[in-house]
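Okay, data-v5.txt now, which holds compact mmCIF, C-alpha atoms and all ligand atoms:
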# COMPACT_ATOMS: atom_id res chain seq x y z
CA MET A 1 -12.47 -29.07 21.26
CA SER A 2 -12.86 -32.58 22.65
CA ARG A 3 -9.61 -34.08 21.28
CA GLU A 4 -6.19 -33.52 22.78
CA ILE A 5 -4.61 -30.20 21.75
CA VAL A 6 -1.02 -30.47 20.52
CA ILE A 7 1.14 -27.51 21.57
CA GLU A 8 4.65 -26.98 20.21
CA LYS A 9 7.13 -24.44 21.52
CA VAL A 10 10.11 -23.18 19.57
CA SER A 11 12.84 -20.75 20.49
CA THR A 12 13.28 -18.58 17.39
CA ILE A 13 11.29 -18.61 14.18
CA ASP A 14 10.60 -16.17 11.37
CA SER A 15 6.86 -16.07 12.13
CA THR A 16 4.57 -18.60 13.80
CA ASN A 17 1.88 -17.74 11.23
CA LEU A 18 4.27 -18.31 8.32
CA GLU A 19 5.46 -21.61 9.80
CA MET A 20 1.91 -22.83 10.43
CA LYS A 21 0.94 -21.92 6.85
CA ARG A 22 3.98 -23.79 5.46
CA ARG A 23 2.99 -26.87 7.44
CA ILE A 24 -0.62 -26.71 6.30
CA ARG A 25 0.43 -26.41 2.65
CA GLU A 26 2.62 -29.49 3.16
CA ASN A 27 -0.22 -31.32 4.99
CA HIS A 28 1.85 -31.46 8.16
CA THR A 29 -0.72 -30.09 10.59
CA ARG A 30 -0.35 -32.17 13.72
CA THR A 31 0.39 -29.06 15.79
CA ASP A 32 -2.67 -27.13 16.97
CA ILE A 33 -0.78 -24.32 18.70
CA LEU A 34 2.70 -23.10 17.85
CA ILE A 35 4.42 -20.75 20.31
CA ALA A 36 7.74 -18.98 19.74
CA ASP A 37 9.98 -17.19 22.19
CA GLU A 38 11.04 -14.78 19.46
CA GLN A 39 10.01 -13.98 15.87
CA THR A 40 12.48 -12.52 13.40
CA LEU A 41 9.79 -11.69 10.84
CA GLY A 42 6.64 -11.22 12.95
CA ARG A 43 3.81 -10.09 10.70
CA GLY A 44 0.82 -7.85 11.28
CA ARG A 45 -2.22 -6.83 9.27
CA LEU A 46 -1.91 -4.85 6.05
CA GLY A 47 1.64 -6.12 5.49
CA ARG A 48 2.99 -4.44 8.63
CA THR A 49 5.69 -5.86 10.87
CA PHE A 50 4.88 -7.15 14.36
CA GLU A 51 8.02 -6.58 16.41
CA SER A 52 8.56 -9.67 18.55
CA PRO A 53 11.68 -9.40 20.72
CA LYS A 54 12.99 -12.44 22.55
CA GLY A 55 11.55 -13.46 25.89
CA THR A 56 9.26 -10.47 26.35
CA GLY A 57 6.01 -11.50 24.73
CA LEU A 58 3.65 -14.27 23.70
CA TYR A 59 3.74 -15.08 19.98
CA MET A 60 1.42 -17.91 19.08
CA SER A 61 -0.57 -19.30 16.16
CA LEU A 62 -3.56 -21.62 16.30
CA CYS A 63 -4.35 -23.92 13.40
CA LEU A 64 -8.11 -24.07 12.77
CA LYS A 65 -10.14 -26.04 10.29
CA PRO A 66 -13.52 -24.32 10.28
CA ASP A 67 -16.53 -26.40 9.35
CA PHE A 68 -18.76 -23.36 8.95
CA ASP A 69 -19.26 -20.89 6.11
CA ALA A 70 -17.66 -17.54 5.27
CA GLU A 71 -19.92 -15.67 7.69
CA GLY A 72 -18.53 -17.69 10.61
CA ILE A 73 -14.99 -17.27 9.35
CA LEU A 74 -15.42 -13.50 9.44
CA LEU A 75 -16.21 -13.79 13.17
CA ILE A 76 -12.92 -15.50 14.04
CA THR A 77 -10.89 -12.32 14.63
CA SER A 78 -13.56 -10.69 16.82
CA ALA A 79 -13.92 -13.97 18.74
CA ALA A 80 -10.14 -14.02 19.23
CA ALA A 81 -10.18 -10.42 20.51
CA VAL A 82 -12.74 -11.40 23.16
CA ALA A 83 -10.76 -14.55 24.07
CA VAL A 84 -7.58 -12.46 24.49
CA CYS A 85 -9.38 -9.95 26.74
CA ARG A 86 -10.93 -12.72 28.85
CA GLY A 87 -7.53 -14.41 29.15
CA ILE A 88 -5.73 -11.20 30.15
CA ARG A 89 -8.44 -10.39 32.70
CA LYS A 90 -8.06 -13.85 34.26
CA VAL A 91 -4.27 -13.83 34.45
CA THR A 92 -3.75 -10.16 35.43
CA ASN A 93 -5.90 -7.52 37.11
CA LEU A 94 -5.93 -5.44 33.94
CA SER A 95 -8.98 -4.38 31.92
CA PRO A 96 -8.03 -4.48 28.25
CA GLN A 97 -10.14 -2.79 25.58
CA ILE A 98 -10.72 -3.67 21.95
CA LYS A 99 -9.98 -1.24 19.15
CA TRP A 100 -12.03 -2.47 16.21
CA VAL A 101 -11.38 -4.74 14.67
CA ASN A 102 -8.77 -6.73 16.50
CA ASP A 103 -6.23 -4.65 18.40
CA ILE A 104 -6.14 -4.88 22.18
CA TYR A 105 -5.25 -1.75 24.15
CA ILE A 106 -4.41 -0.97 27.75
CA ASN A 107 -3.97 2.66 28.87
CA GLU A 108 -4.23 3.76 25.24
CA LYS A 109 -1.29 1.63 24.15
CA LYS A 110 -1.57 -1.39 21.89
CA VAL A 111 -0.53 -4.51 23.80
CA CYS A 112 -1.79 -7.19 21.42
CA GLY A 113 -2.41 -7.74 17.72
CA ILE A 114 -4.32 -10.53 16.01
CA LEU A 115 -3.82 -11.78 12.47
CA ALA A 116 -6.09 -14.45 10.95
CA GLU A 117 -5.03 -15.85 7.57
CA ALA A 118 -6.76 -18.41 5.36
CA VAL A 119 -4.64 -21.13 3.74
CA THR A 120 -5.47 -24.17 1.64
CA ASP A 121 -3.79 -27.56 2.05
CA SER A 122 -2.78 -29.76 -0.90
CA ASN A 123 -6.21 -31.45 -0.83
CA GLY A 124 -7.88 -28.11 -1.33
CA GLU A 125 -9.16 -27.98 2.26
CA MET A 126 -9.31 -24.54 3.84
CA HIS A 127 -7.65 -23.78 7.19
CA VAL A 128 -7.35 -20.59 9.17
CA VAL A 129 -4.15 -19.66 10.98
CA LEU A 130 -4.98 -17.45 13.93
CA GLY A 131 -1.93 -15.52 15.13
CA ILE A 132 -1.90 -13.70 18.46
CA GLY A 133 0.97 -11.51 19.65
CA ILE A 134 1.02 -9.98 23.14
CA ASN A 135 3.67 -7.67 24.59
CA ILE A 136 4.02 -8.92 28.15
CA SER A 137 6.89 -6.82 29.50
CA THR A 138 8.53 -5.44 26.43
CA ASP A 139 10.90 -2.58 27.20
CA GLU A 140 9.85 0.25 24.90
CA LYS A 141 13.49 0.64 23.86
CA CYS A 142 13.15 -2.76 22.15
CA PHE A 143 10.61 -1.27 19.75
CA SER A 144 11.52 0.76 16.71
CA GLU A 145 10.77 4.49 16.94
CA ASP A 146 7.65 4.14 14.76
CA VAL A 147 6.14 1.50 16.99
CA ARG A 148 7.22 3.07 20.31
CA ASN A 149 4.43 5.69 20.31
CA ILE A 150 1.71 3.12 19.78
CA ALA A 151 2.89 -0.04 21.50
CA GLY A 152 2.70 -0.84 25.20
CA ALA A 153 2.93 -3.95 27.32
CA LEU A 154 0.96 -5.64 30.09
CA TYR A 155 3.72 -4.95 32.64
CA ASP A 156 6.52 -2.39 33.03
CA GLU A 157 9.85 -3.86 32.01
CA ASP A 158 11.15 -3.40 35.59
CA SER A 159 8.25 -5.24 37.27
CA ASP A 160 9.34 -8.46 38.97
CA ILE A 161 7.03 -10.83 37.10
CA ASP A 162 8.31 -14.06 35.55
CA VAL A 163 7.57 -13.58 31.84
CA ASP A 164 7.66 -17.34 31.15
CA ILE A 165 5.05 -18.09 33.80
CA ILE A 166 2.74 -15.31 32.61
CA LYS A 167 3.30 -16.37 29.01
CA ASN A 168 2.26 -19.96 29.71
CA GLU A 169 -0.77 -18.90 31.73
CA LEU A 170 -1.88 -16.47 29.04
CA ALA A 171 -1.42 -19.01 26.25
CA GLN A 172 -3.45 -21.61 28.12
CA LYS A 173 -6.26 -19.30 29.22
CA ILE A 174 -6.58 -17.52 25.86
CA ALA A 175 -6.59 -20.79 23.89
CA ASN A 176 -9.24 -22.26 26.24
CA GLU A 177 -11.39 -19.15 26.01
CA PHE A 178 -11.03 -19.15 22.24
CA TYR A 179 -11.96 -22.83 21.79
CA VAL A 180 -15.07 -22.38 23.98
CA ILE A 181 -16.27 -19.49 21.79
CA TYR A 182 -15.22 -21.22 18.56
CA GLU A 183 -17.25 -24.34 19.33
CA ASP A 184 -20.45 -22.33 19.03
CA ILE A 185 -19.22 -19.22 17.26
CA LEU A 186 -22.38 -18.79 15.18
CA ASN A 187 -24.49 -18.08 18.26
CA ARG A 188 -22.48 -14.83 18.53
CA SER A 189 -22.94 -14.53 22.30
CA PHE A 190 -19.31 -13.37 22.59
CA LEU A 191 -20.28 -10.14 20.79
CA LYS A 192 -21.74 -8.82 24.06
CA ASP A 193 -18.26 -8.77 25.63
CA TYR A 194 -16.86 -7.42 22.37
CA LYS A 195 -19.21 -4.40 22.58
CA ASP A 196 -18.73 -3.93 26.34
CA TRP A 197 -14.96 -3.81 25.90
CA SER A 198 -14.95 -1.73 22.73
CA MET A 199 -12.92 1.48 22.98
CA VAL A 200 -14.42 2.74 19.74
CA ILE A 201 -18.19 2.80 20.24
CA GLY A 202 -19.42 6.32 20.92
CA LYS A 203 -16.19 7.87 19.65
CA GLU A 204 -15.54 10.05 16.62
CA VAL A 205 -13.46 8.11 14.14
CA ARG A 206 -11.81 8.62 10.80
CA PHE A 207 -11.55 5.76 8.36
CA LEU A 208 -9.55 5.40 5.21
CA GLU A 209 -11.21 3.74 2.29
CA ASN A 210 -9.90 3.75 -1.27
CA GLU A 211 -7.40 6.43 -0.25
CA VAL A 212 -10.09 8.83 1.04
CA TRP A 213 -10.51 9.71 4.74
CA TYR A 214 -14.08 9.88 6.11
CA GLU A 215 -15.25 11.14 9.50
CA ALA A 216 -18.12 9.58 11.46
CA VAL A 217 -19.16 8.42 14.92
CA ALA A 218 -18.87 4.71 15.70
CA VAL A 219 -22.29 3.68 17.01
CA ASP A 220 -22.42 -0.11 17.22
CA ILE A 221 -21.04 -3.50 16.22
CA ASP A 222 -23.27 -5.55 13.91
CA ASN A 223 -23.95 -9.30 14.01
CA ASN A 224 -20.92 -10.04 11.87
CA GLY A 225 -18.48 -7.96 13.89
CA GLY A 226 -18.76 -5.03 11.43
CA LEU A 227 -18.47 -1.49 12.81
CA ILE A 228 -21.54 0.69 12.26
CA VAL A 229 -20.62 4.34 11.77
CA LYS A 230 -22.88 7.33 11.36
CA ASN A 231 -22.49 10.91 10.19
CA GLY A 232 -25.86 12.69 9.95
CA ASP A 233 -27.97 10.63 7.57
CA PHE A 234 -24.97 8.69 6.39
CA VAL A 235 -24.84 5.24 8.03
CA ARG A 236 -22.29 2.66 6.96
CA THR A 237 -21.14 -0.71 8.23
CA LEU A 238 -17.40 -1.14 7.92
CA SER A 239 -16.23 -4.69 7.47
CA THR A 240 -12.76 -5.88 8.38
CA GLY A 241 -11.22 -5.57 4.90
CA GLU A 242 -8.62 -2.96 4.21
CA ILE A 243 -9.91 -0.18 6.40
CA THR A 244 -7.62 1.89 8.62
CA LEU A 245 -9.36 3.41 11.61
CA ARG A 246 -8.12 6.41 13.60
CA PHE A 247 -9.70 8.40 16.38
CA ALA A 248 -10.64 11.90 15.19
CA GLU A 249 -8.25 14.58 16.55
C1 LIG B 1 -1.39 -6.75 13.96
O1 LIG B 1 -1.12 -6.09 14.96
O2 LIG B 1 -1.62 -6.20 12.87
C2 LIG B 1 -1.42 -8.25 14.05
C3 LIG B 1 -0.21 -8.80 14.75
C4 LIG B 1 -0.23 -10.31 14.88
C5 LIG B 1 1.04 -10.81 15.51
C6 LIG B 1 1.02 -12.30 15.73
S1 LIG B 1 2.40 -12.83 16.70
C7 LIG B 1 2.07 -14.49 16.30
C8 LIG B 1 1.66 -14.52 14.85
N1 LIG B 1 2.83 -14.59 13.98
C9 LIG B 1 2.95 -13.51 13.23
O3 LIG B 1 3.86 -13.31 12.40
N2 LIG B 1 1.96 -12.65 13.47
C10 LIG B 1 1.06 -13.16 14.48

Could you rewrite the structure in this file as structure tokens?
Amino acid sequence: MSREIVIEKVSTIDSTNLEMKRRIRENHTRTDILIADEQTLGRGRLGRTFESPKGTGLYMSLCLKPDFDAEGILLITSAAAVAVCRGIRKVTNLSPQIKWVNDIYINEKKVCGILAEAVTDSNGEMHVVLGIGINISTDEKCFSEDVRNIAGALYDEDSDIDVDIIKNELAQKIANEFYVIYEDILNRSFLKDYKDWSMVIGKEVRFLENEVWYEAVAVDIDNNGGLIVKNGDFVRTLSTGEITLRFAE
């Protein structure tokens, strides 16, 4: 992006994605990046909650106005996953991995979720709100019991890092990395990192589609960020949609 990026920070909000969408609907879109210290109604994919306790994570939403077609829009979440990994690698010495399509894991715990939502302003112009939530040093006791088994954080809660400093560095690096990819998203060069950092390729997976579980091996990522799975002669490309992916037991 060549113009100045407007960043706004708030203390507590229901959800940075919800707030950004409200502003877009009201044509009040001066803010490019909205960051909250705490979300009371953090939202994840498939209607799930994204638990966002105060002062322990990065909760931010970017307002985008894509000038490319639906194919490019589909790439936004995979591009964001790569930007998050690049940002985390630059700020920490950690090596995050991507669980298709857009969850970021470290040591088999989910440390980041990404939620991209389309919204139309009152002139009928389409925007995308790209929400990124990262657990920086969230004490697992802060999470509900359901989330505790899955969720992790970049740092232990007793490490002596300054969460605010890490939060600012992550926000800046991830946003920069994202805008660089976004500028030329259709060349898809970011997909190389996406594949290199995938924790799914080569693994046996189960996916739920129309209430039926299927088993297959994840073999590759296609040009649109779809996951190619294979079981004998059966080859399918899963697109982001409503698919739930689990590793086979
Ligand atoms: C997921 O794990 O399914 C996606 C989680 C996305 C969480 C981020 S935090 C900032 C933004 N605001 C929200 O309410 N959700 C996203």

**Item:** Residue contacts of Val119 in chain A (9 Å, only C-alpha atoms) excluding same-chain residues fewer than 6 positions away, as a ChimeraX atom specification
**Value:** /A:21,24-25,125-129

**Item:** Gly44 in chain A surroundings by only C-alpha atoms, 12 Å radius, close-in-sequence under 6 positions cut, as a ChimeraX atom specification
**Value:** /A:15-18,50-52,59,102-103,112-117,130-133

Counting all atoms listed in the file, what is within 10 Å of Lys90 in chain A, bar same-chain residues fewer than 5 positions away, as an mmCIF file with C-alpha atoms, in the frame of the given file?
data_model
loop_
_atom_site.group_PDB
_atom_site.id
_atom_site.type_symbol
_atom_site.label_atom_id
_atom_site.label_comp_id
_atom_site.auth_asym_id
_atom_site.auth_seq_id
_atom_site.Cartn_x
_atom_site.Cartn_y
_atom_site.Cartn_z
ATOM 1 C CA VAL A 84 -7.580 -12.460 24.490
ATOM 2 C CA CYS A 85 -9.380 -9.950 26.740
ATOM 3 C CA SER A 95 -8.980 -4.380 31.920
ATOM 4 C CA GLU A 169 -0.770 -18.900 31.730
ATOM 5 C CA LEU A 170 -1.880 -16.470 29.040
ATOM 6 C CA LYS A 173 -6.260 -19.300 29.220
ATOM 7 C CA ILE A 174 -6.580 -17.520 25.860
#

**Prompt:** Using all atoms listed in the file, which of A:Val111, A:Lys65, A:Thr56, A:Ile7 sits nearest ligand LIG 1 (chain B)?
**Reply:**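 Between A:Val111, A:Lys65, A:Thr56, A:Ile7, the residue approaching ligand LIG 1 (chain B) most closely is A:Val111.
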
**Request:** Between CA of Ala80 in chain A and atom O3 of ligand LIG 1 (chain B), measure the distance and give it in Å to one decimal.
**Result:**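 Those two atoms sit 15.6 Å apart.
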
**Asked** Quick one: of A:Glu4, A:Glu108, A:Asp121, A:Glu38, who's nearest to Met20 in chain A, counting all atoms listed in the file?
**Response**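 That would be A:Asp121, the residue with the smallest distance to Met20 in chain A.
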
**Request:** Using only C-alpha atoms and all ligand atoms, find the one residue out of A:Asp196, A:Asp37, A:Asp32, A:Glu26 that sits nearest to ligand LIG 1 (chain B).
**Result:**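 Checking each of A:Asp196, A:Asp37, A:Asp32, A:Glu26 against ligand LIG 1 (chain B), counting only C-alpha atoms and all ligand atoms, the winner is A:Asp37.
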
**Asked** Which residue, A:Leu46, A:Ala175, A:Ala118, A:Ile185, has the smallest gap to ligand LIG 1 (chain B) when you use all atoms listed in the file?
**Response**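 The answer is A:Leu46, which sits nearest to ligand LIG 1 (chain B).
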
**Message:** Residues near Tyr182 in chain A, anyone? I mean within 12 Å using all atoms listed in the file, not counting same-chain ones fewer than 2 positions away, as number ranges by chain.
**Reply:** A: 1, 62, 64-68, 72-80, 82-83, 130, 174-180, 184-190

Write out as a PDB file with C-alpha atoms, keeping the file's coordinate frame the residues lying within 12 Å of Pro53 in chain A, counting all atoms listed in the file and excluding same-chain residues fewer than 2 positions away.
ATOM      1  CA  SER A  11      12.840 -20.750  20.490  1.00  0.00           C
ATOM      2  CA  THR A  12      13.280 -18.580  17.390  1.00  0.00           C
ATOM      3  CA  ILE A  13      11.290 -18.610  14.180  1.00  0.00           C
ATOM      4  CA  ASP A  14      10.600 -16.170  11.370  1.00  0.00           C
ATOM      5  CA  SER A  15       6.860 -16.070  12.130  1.00  0.00           C
ATOM      6  CA  ALA A  36       7.740 -18.980  19.740  1.00  0.00           C
ATOM      7  CA  ASP A  37       9.980 -17.190  22.190  1.00  0.00           C
ATOM      8  CA  GLU A  38      11.040 -14.780  19.460  1.00  0.00           C
ATOM      9  CA  GLN A  39      10.010 -13.980  15.870  1.00  0.00           C
ATOM     10  CA  THR A  40      12.480 -12.520  13.400  1.00  0.00           C
ATOM     11  CA  LEU A  41       9.790 -11.690  10.840  1.00  0.00           C
ATOM     12  CA  GLY A  42       6.640 -11.220  12.950  1.00  0.00           C
ATOM     13  CA  PHE A  50       4.880  -7.150  14.360  1.00  0.00           C
ATOM     14  CA  GLU A  51       8.020  -6.580  16.410  1.00  0.00           C
ATOM     15  CA  GLY A  55      11.550 -13.460  25.890  1.00  0.00           C
ATOM     16  CA  THR A  56       9.260 -10.470  26.350  1.00  0.00           C
ATOM     17  CA  GLY A  57       6.010 -11.500  24.730  1.00  0.00           C
ATOM     18  CA  LEU A  58       3.650 -14.270  23.700  1.00  0.00           C
ATOM     19  CA  TYR A  59       3.740 -15.080  19.980  1.00  0.00           C
ATOM     20  CA  GLY A 133       0.970 -11.510  19.650  1.00  0.00           C
ATOM     21  CA  ILE A 134       1.020  -9.980  23.140  1.00  0.00           C
ATOM     22  CA  ASN A 135       3.670  -7.670  24.590  1.00  0.00           C
ATOM     23  CA  ILE A 136       4.020  -8.920  28.150  1.00  0.00           C
ATOM     24  CA  SER A 137       6.890  -6.820  29.500  1.00  0.00           C
ATOM     25  CA  THR A 138       8.530  -5.440  26.430  1.00  0.00           C
ATOM     26  CA  ASP A 139      10.900  -2.580  27.200  1.00  0.00           C
ATOM     27  CA  GLU A 140       9.850   0.250  24.900  1.00  0.00           C
ATOM     28  CA  LYS A 141      13.490   0.640  23.860  1.00  0.00           C
ATOM     29  CA  CYS A 142      13.150  -2.760  22.150  1.00  0.00           C
ATOM     30  CA  PHE A 143      10.610  -1.270  19.750  1.00  0.00           C
ATOM     31  CA  SER A 144      11.520   0.760  16.710  1.00  0.00           C
TER      32      SER A 144
END

As lines of an AutoDock Vina configuration file, what would the box around range 72-79 of chain A look like: edges along x, y and z, 5 Å added on every side, centre and edge lengths in Å to one decimal?
center_x = -14.7
center_y = -14.2
center_z = 14.0
size_x = 17.6
size_y = 17.0
size_z = 19.4

**Request:** Please identify all polymer residues lying at most 12 Å from the point (-22.6, 2.0, 15.2) (file coordinates), using only C-alpha atoms, and present the result as number ranges by chain.
**Result:** A: 100, 195, 198, 200-205, 216-223, 225-231, 234-238

**Message:** Can you measure CA of Gly152 in chain A to CA of Asn107 in chain A for me? One decimal in Å is fine.
**Reply:**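 Straight-line distance from CA of Gly152 in chain A to CA of Asn107 in chain A works out to 8.4 Å.
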
**Message:** Using all atoms listed in the file, can you tell me which of A:Arg89, A:Arg3, A:Arg148, A:Arg43 comes closest to ligand LIG 1 (chain B)?
**Reply:** A:Arg43

**Asked** Given the choices A:Ile5, A:Ala153, A:Val212, A:Val163, which gets closest to Lys54 in chain A if the distance is worked out from all atoms listed in the file?
**Response**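 Smallest distance to Lys54 in chain A is found for A:Val163.
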
**Request:** Record the distance separating CA of Arg22 in chain A and CA of Val101 in chain A, expressed in Å with one decimal.
**Result:**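 Going from CA of Arg22 in chain A over to CA of Val101 in chain A covers 26.1 Å.
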
Some atoms are absent from range 186-208 of chain A, so rebuild N, CA, C and O atoms and return them as a compact mmCIF listing (two decimals), in the frame of the given file.
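To be explicit, this is the file written out as selection_0.txt:
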# COMPACT_ATOMS: atom_id res chain seq x y z
N LEU A 186 -21.27 -19.38 15.93
CA LEU A 186 -22.38 -18.79 15.18
C LEU A 186 -23.50 -18.27 16.09
O LEU A 186 -24.37 -17.53 15.64
N ASN A 187 -23.46 -18.66 17.39
CA ASN A 187 -24.49 -18.08 18.26
C ASN A 187 -24.14 -16.64 18.67
O ASN A 187 -24.96 -15.92 19.20
N ARG A 188 -22.92 -16.23 18.40
CA ARG A 188 -22.48 -14.83 18.53
C ARG A 188 -22.61 -14.24 19.94
O ARG A 188 -22.58 -13.03 20.11
N SER A 189 -22.74 -15.10 20.96
CA SER A 189 -22.94 -14.53 22.30
C SER A 189 -21.70 -13.75 22.77
O SER A 189 -21.80 -12.87 23.61
N PHE A 190 -20.54 -14.07 22.21
CA PHE A 190 -19.31 -13.37 22.59
C PHE A 190 -19.35 -11.88 22.20
O PHE A 190 -18.58 -11.07 22.71
N LEU A 191 -20.24 -11.54 21.25
CA LEU A 191 -20.28 -10.14 20.79
C LEU A 191 -20.70 -9.17 21.90
O LEU A 191 -20.40 -7.99 21.84
N LYS A 192 -21.36 -9.71 22.93
CA LYS A 192 -21.74 -8.82 24.06
C LYS A 192 -20.46 -8.30 24.73
O LYS A 192 -20.32 -7.10 24.96
N ASP A 193 -19.53 -9.21 25.03
CA ASP A 193 -18.26 -8.77 25.63
C ASP A 193 -17.51 -7.88 24.65
O ASP A 193 -16.87 -6.90 25.05
N TYR A 194 -17.57 -8.23 23.38
CA TYR A 194 -16.86 -7.42 22.37
C TYR A 194 -17.34 -5.95 22.45
O TYR A 194 -16.53 -5.02 22.47
N LYS A 195 -18.67 -5.77 22.53
CA LYS A 195 -19.21 -4.40 22.58
C LYS A 195 -18.86 -3.74 23.91
O LYS A 195 -18.49 -2.57 23.96
N ASP A 196 -19.01 -4.51 25.02
CA ASP A 196 -18.73 -3.93 26.34
C ASP A 196 -17.29 -3.45 26.44
O ASP A 196 -17.00 -2.49 27.15
N TRP A 197 -16.38 -4.15 25.78
CA TRP A 197 -14.96 -3.81 25.90
C TRP A 197 -14.45 -2.97 24.73
O TRP A 197 -13.24 -2.72 24.62
N SER A 198 -15.37 -2.54 23.88
CA SER A 198 -14.95 -1.73 22.73
C SER A 198 -14.49 -0.34 23.19
O SER A 198 -15.15 0.31 24.00
N MET A 199 -13.36 0.12 22.68
CA MET A 199 -12.92 1.48 22.98
C MET A 199 -13.30 2.46 21.86
O MET A 199 -12.90 3.60 21.86
N VAL A 200 -14.11 1.97 20.94
CA VAL A 200 -14.42 2.74 19.74
C VAL A 200 -15.86 3.24 19.75
O VAL A 200 -16.14 4.36 19.30
N ILE A 201 -16.76 2.43 20.31
CA ILE A 201 -18.19 2.80 20.24
C ILE A 201 -18.42 4.12 20.99
O ILE A 201 -17.96 4.29 22.12
N GLY A 202 -19.13 5.01 20.32
CA GLY A 202 -19.42 6.32 20.92
C GLY A 202 -18.35 7.36 20.59
O GLY A 202 -18.51 8.53 20.91
N LYS A 203 -17.29 6.93 19.94
CA LYS A 203 -16.19 7.87 19.65
C LYS A 203 -16.25 8.37 18.19
O LYS A 203 -16.76 7.67 17.31
N GLU A 204 -15.69 9.56 17.99
CA GLU A 204 -15.54 10.05 16.62
C GLU A 204 -14.35 9.36 16.00
O GLU A 204 -13.28 9.27 16.63
N VAL A 205 -14.55 8.84 14.80
CA VAL A 205 -13.46 8.11 14.14
C VAL A 205 -13.26 8.63 12.73
O VAL A 205 -14.14 9.28 12.15
N ARG A 206 -12.09 8.35 12.21
CA ARG A 206 -11.81 8.62 10.80
C ARG A 206 -11.45 7.29 10.19
O ARG A 206 -10.75 6.49 10.82
N PHE A 207 -11.96 7.00 9.01
CA PHE A 207 -11.55 5.76 8.36
C PHE A 207 -11.12 6.02 6.92
O PHE A 207 -11.64 6.90 6.24
N LEU A 208 -10.14 5.24 6.54
CA LEU A 208 -9.55 5.40 5.21
C LEU A 208 -10.07 4.31 4.31
O LEU A 208 -9.96 3.12 4.62
